[in-house]
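*Asks:* Next up is a structure, given as structure tokens.
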Amino acid sequence: MGKLQKSIDKRNALVKATIELVNNNGFHATPMSKIAKMADVSPATIYLYFENKQDLVNQTYMDIKAEYTNFAFATHNPNTPVKEGFENIWKRIAEFKLKDCENAMFLAQCDNTPMIDESIRQKGIKHLQPLLDLWERGRNEQVIKPVSDYLLYAYAINPLSFLMISQKRGALQLSKKHIEEAYQAAWDSIKL
């Protein structure tokens, strides 16, 4: 194994440990020493990759946000009709949130707490551009309600985080039928 691969592996181990510890203990109850121990690296090694804990969390957020949006938009064609495009993206987001639960939970925590820097959050929003473009087209074509992207996201996408957390707790097991019903509810909440 080359030096570069070892370096990538160490960084990945630190990111993975950060996600697990923050998900289980929260940001403030996750010291760098615990992250280093779980990643099986010396605490000093962290500082070869990250300036401090905030930088570690910010970079982890951006890594996972990129993974999430790459998955969400992998099959998106910007020329499809708005409803079809939204259904495709929504179902890909649902698949990510329900199958890649740890990463999705970490993103949800970052998006719903002041854990990451606002400048990083704004960069993260840019990753959603294909969805924002679709909504803009939907508003222009009078297919989607003329409300802000934040409201559209709150009603159409955010409920997936609630369903994901409910499933993780064991409160429900989402079937294909549930996903279809959830998609229909999401579409109904934003369509004109």
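Letters A, B, ... mark the chains of the structure tokens in the order given; residue numbers begin at 1 per chain; ligand numbers begin at 1, in order shown.
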Please return, as a PyMOL selection string, all residues of chain A that DSSP assigns to alpha helix (DSSP H) on the basis of the backbone.
*Replies:* chain A and resi 3-25+32-39+43-49+53-73+82-99+101-112+118-126+129-140+149-156+159-169+176-190
*Asks:* What would the file look like if the residues just selected were written as a compact mmCIF listing (two decimals), in the first residue's frame with C-alpha atoms?
*Replies:*
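Result file out_16.txt:
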# COMPACT_ATOMS: atom_id res chain seq x y z
CA LYS A 3 1.93 6.39 1.23
CA LEU A 4 -0.91 8.29 -0.48
CA GLN A 5 -3.36 5.42 0.08
CA LYS A 6 -2.37 5.21 3.76
CA SER A 7 -2.99 8.94 4.05
CA ILE A 8 -6.42 8.64 2.37
CA ASP A 9 -7.29 5.69 4.63
CA LYS A 10 -6.37 7.68 7.78
CA ARG A 11 -8.43 10.67 6.68
CA ASN A 12 -11.39 8.38 5.83
CA ALA A 13 -11.10 6.68 9.23
CA LEU A 14 -11.20 10.09 10.94
CA VAL A 15 -14.26 11.13 8.93
CA LYS A 16 -16.03 7.84 9.70
CA ALA A 17 -15.23 8.12 13.42
CA THR A 18 -16.46 11.73 13.47
CA ILE A 19 -19.79 10.73 11.92
CA GLU A 20 -20.33 7.86 14.34
CA LEU A 21 -19.34 9.78 17.47
CA VAL A 22 -21.26 12.95 16.58
CA ASN A 23 -24.35 10.87 15.72
CA ASN A 24 -24.18 9.02 19.05
CA ASN A 25 -22.89 11.71 21.41
CA MET A 32 -10.68 15.00 19.33
CA SER A 33 -9.02 12.35 21.53
CA LYS A 34 -12.09 10.08 21.16
CA ILE A 35 -12.16 10.61 17.39
CA ALA A 36 -8.45 9.73 17.15
CA LYS A 37 -8.90 6.62 19.31
CA MET A 38 -11.83 5.33 17.26
CA ALA A 39 -9.98 6.04 14.00
CA PRO A 43 -4.33 12.60 18.26
CA ALA A 44 -1.46 14.55 16.62
CA THR A 45 -2.25 12.84 13.28
CA ILE A 46 -5.62 14.61 13.10
CA TYR A 47 -3.83 17.93 12.75
CA LEU A 48 -2.04 16.73 9.59
CA TYR A 49 -5.48 16.67 7.90
CA LYS A 53 -12.45 20.01 15.41
CA GLN A 54 -14.55 22.63 13.61
CA ASP A 55 -12.55 22.11 10.42
CA LEU A 56 -12.90 18.33 10.79
CA VAL A 57 -16.69 18.60 11.12
CA ASN A 58 -16.95 21.17 8.30
CA GLN A 59 -14.91 19.01 5.92
CA THR A 60 -16.80 15.86 6.94
CA TYR A 61 -20.05 17.66 6.22
CA MET A 62 -18.86 18.74 2.76
CA ASP A 63 -17.61 15.21 1.94
CA ILE A 64 -20.93 13.64 2.90
CA LYS A 65 -22.98 16.42 1.27
CA ALA A 66 -21.12 15.78 -2.01
CA GLU A 67 -21.70 12.01 -1.71
CA TYR A 68 -25.40 12.63 -0.98
CA THR A 69 -25.99 15.00 -3.86
CA ASN A 70 -23.93 12.94 -6.34
CA PHE A 71 -26.21 10.02 -5.50
CA ALA A 72 -29.39 12.12 -5.56
CA PHE A 73 -28.69 13.56 -9.02
CA VAL A 82 -40.78 18.93 -13.69
CA LYS A 83 -42.98 16.31 -12.01
CA GLU A 84 -40.97 13.40 -13.44
CA GLY A 85 -37.68 15.11 -12.53
CA PHE A 86 -38.87 15.78 -8.98
CA GLU A 87 -40.04 12.18 -8.52
CA ASN A 88 -36.68 10.85 -9.70
CA ILE A 89 -34.67 13.15 -7.39
CA TRP A 90 -37.01 12.65 -4.43
CA LYS A 91 -36.83 8.86 -4.67
CA ARG A 92 -33.03 8.95 -4.95
CA ILE A 93 -32.88 11.17 -1.84
CA ALA A 94 -35.21 8.76 -0.04
CA GLU A 95 -33.00 5.82 -1.02
CA PHE A 96 -29.89 7.58 0.27
CA LYS A 97 -31.50 8.61 3.56
CA LEU A 98 -32.94 5.18 4.26
CA LYS A 99 -29.97 3.07 3.12
CA CYS A 101 -28.59 6.19 7.48
CA GLU A 102 -25.42 7.14 9.39
CA ASN A 103 -24.32 9.68 6.80
CA ALA A 104 -27.86 11.01 6.36
CA MET A 105 -28.26 11.42 10.14
CA PHE A 106 -24.97 13.32 10.31
CA LEU A 107 -26.16 15.69 7.56
CA ALA A 108 -29.51 16.17 9.31
CA GLN A 109 -27.74 17.06 12.55
CA CYS A 110 -25.48 19.53 10.73
CA ASP A 111 -28.42 21.09 8.89
CA ASN A 112 -30.52 21.45 12.05
CA GLU A 118 -22.62 29.16 8.00
CA SER A 119 -20.23 29.63 5.06
CA ILE A 120 -19.92 25.83 4.81
CA ARG A 121 -23.70 25.44 5.04
CA GLN A 122 -24.08 27.88 2.12
CA LYS A 123 -21.54 25.87 0.09
CA GLY A 124 -23.55 22.76 0.94
CA ILE A 125 -26.71 24.36 -0.44
CA LYS A 126 -24.93 24.90 -3.77
CA GLN A 129 -28.39 23.24 -7.47
CA PRO A 130 -30.04 20.71 -9.84
CA LEU A 131 -33.03 20.49 -7.47
CA LEU A 132 -33.17 24.27 -7.04
CA ASP A 133 -33.02 24.68 -10.84
CA LEU A 134 -35.86 22.16 -11.25
CA TRP A 135 -37.98 24.07 -8.71
CA GLU A 136 -37.24 27.35 -10.47
CA ARG A 137 -38.38 25.83 -13.75
CA GLY A 138 -41.45 24.42 -11.97
CA ARG A 139 -42.37 27.87 -10.65
CA ASN A 140 -41.86 29.43 -14.10
CA ASP A 149 -36.76 27.00 -1.95
CA TYR A 150 -36.59 26.77 1.86
CA LEU A 151 -40.35 26.17 2.08
CA LEU A 152 -40.27 23.66 -0.75
CA TYR A 153 -37.40 21.81 0.96
CA ALA A 154 -39.12 21.94 4.35
CA TYR A 155 -42.33 20.38 3.04
CA ALA A 156 -41.04 18.05 0.33
CA PRO A 159 -40.03 14.84 6.18
CA LEU A 160 -37.67 12.14 4.88
CA SER A 161 -35.34 12.86 7.82
CA PHE A 162 -38.23 12.28 10.24
CA LEU A 163 -39.10 8.98 8.51
CA MET A 164 -35.44 7.92 8.51
CA ILE A 165 -35.07 8.59 12.25
CA SER A 166 -38.37 6.80 12.96
CA GLN A 167 -37.19 3.77 11.00
CA LYS A 168 -33.78 3.80 12.74
CA ARG A 169 -35.55 3.84 16.14
CA LYS A 176 -42.40 0.38 -1.03
CA LYS A 177 -46.03 1.40 -0.42
CA HIS A 178 -44.97 3.83 2.34
CA ILE A 179 -42.34 5.36 0.07
CA GLU A 180 -44.92 5.85 -2.70
CA GLU A 181 -47.36 7.45 -0.23
CA ALA A 182 -44.59 9.68 1.16
CA TYR A 183 -43.58 10.73 -2.35
CA GLN A 184 -47.22 11.54 -3.23
CA ALA A 185 -47.57 13.61 -0.04
CA ALA A 186 -44.33 15.46 -0.89
CA TRP A 187 -45.49 16.21 -4.44
CA ASP A 188 -48.96 17.25 -3.26
CA SER A 189 -47.38 19.68 -0.78
CA ILE A 190 -45.48 21.62 -3.47
*Asks:* Just how far from atom CA of Lys145 of chain A is atom CA of Asn79 of chain A, in Å to one decimal?
*Replies:* 19.8 Å
*Asks:* Record the distance separating atom CA of Val147 of chain A and atom CA of Thr113 of chain A, expressed in Å with one decimal.
*Replies:* 23.8 Å
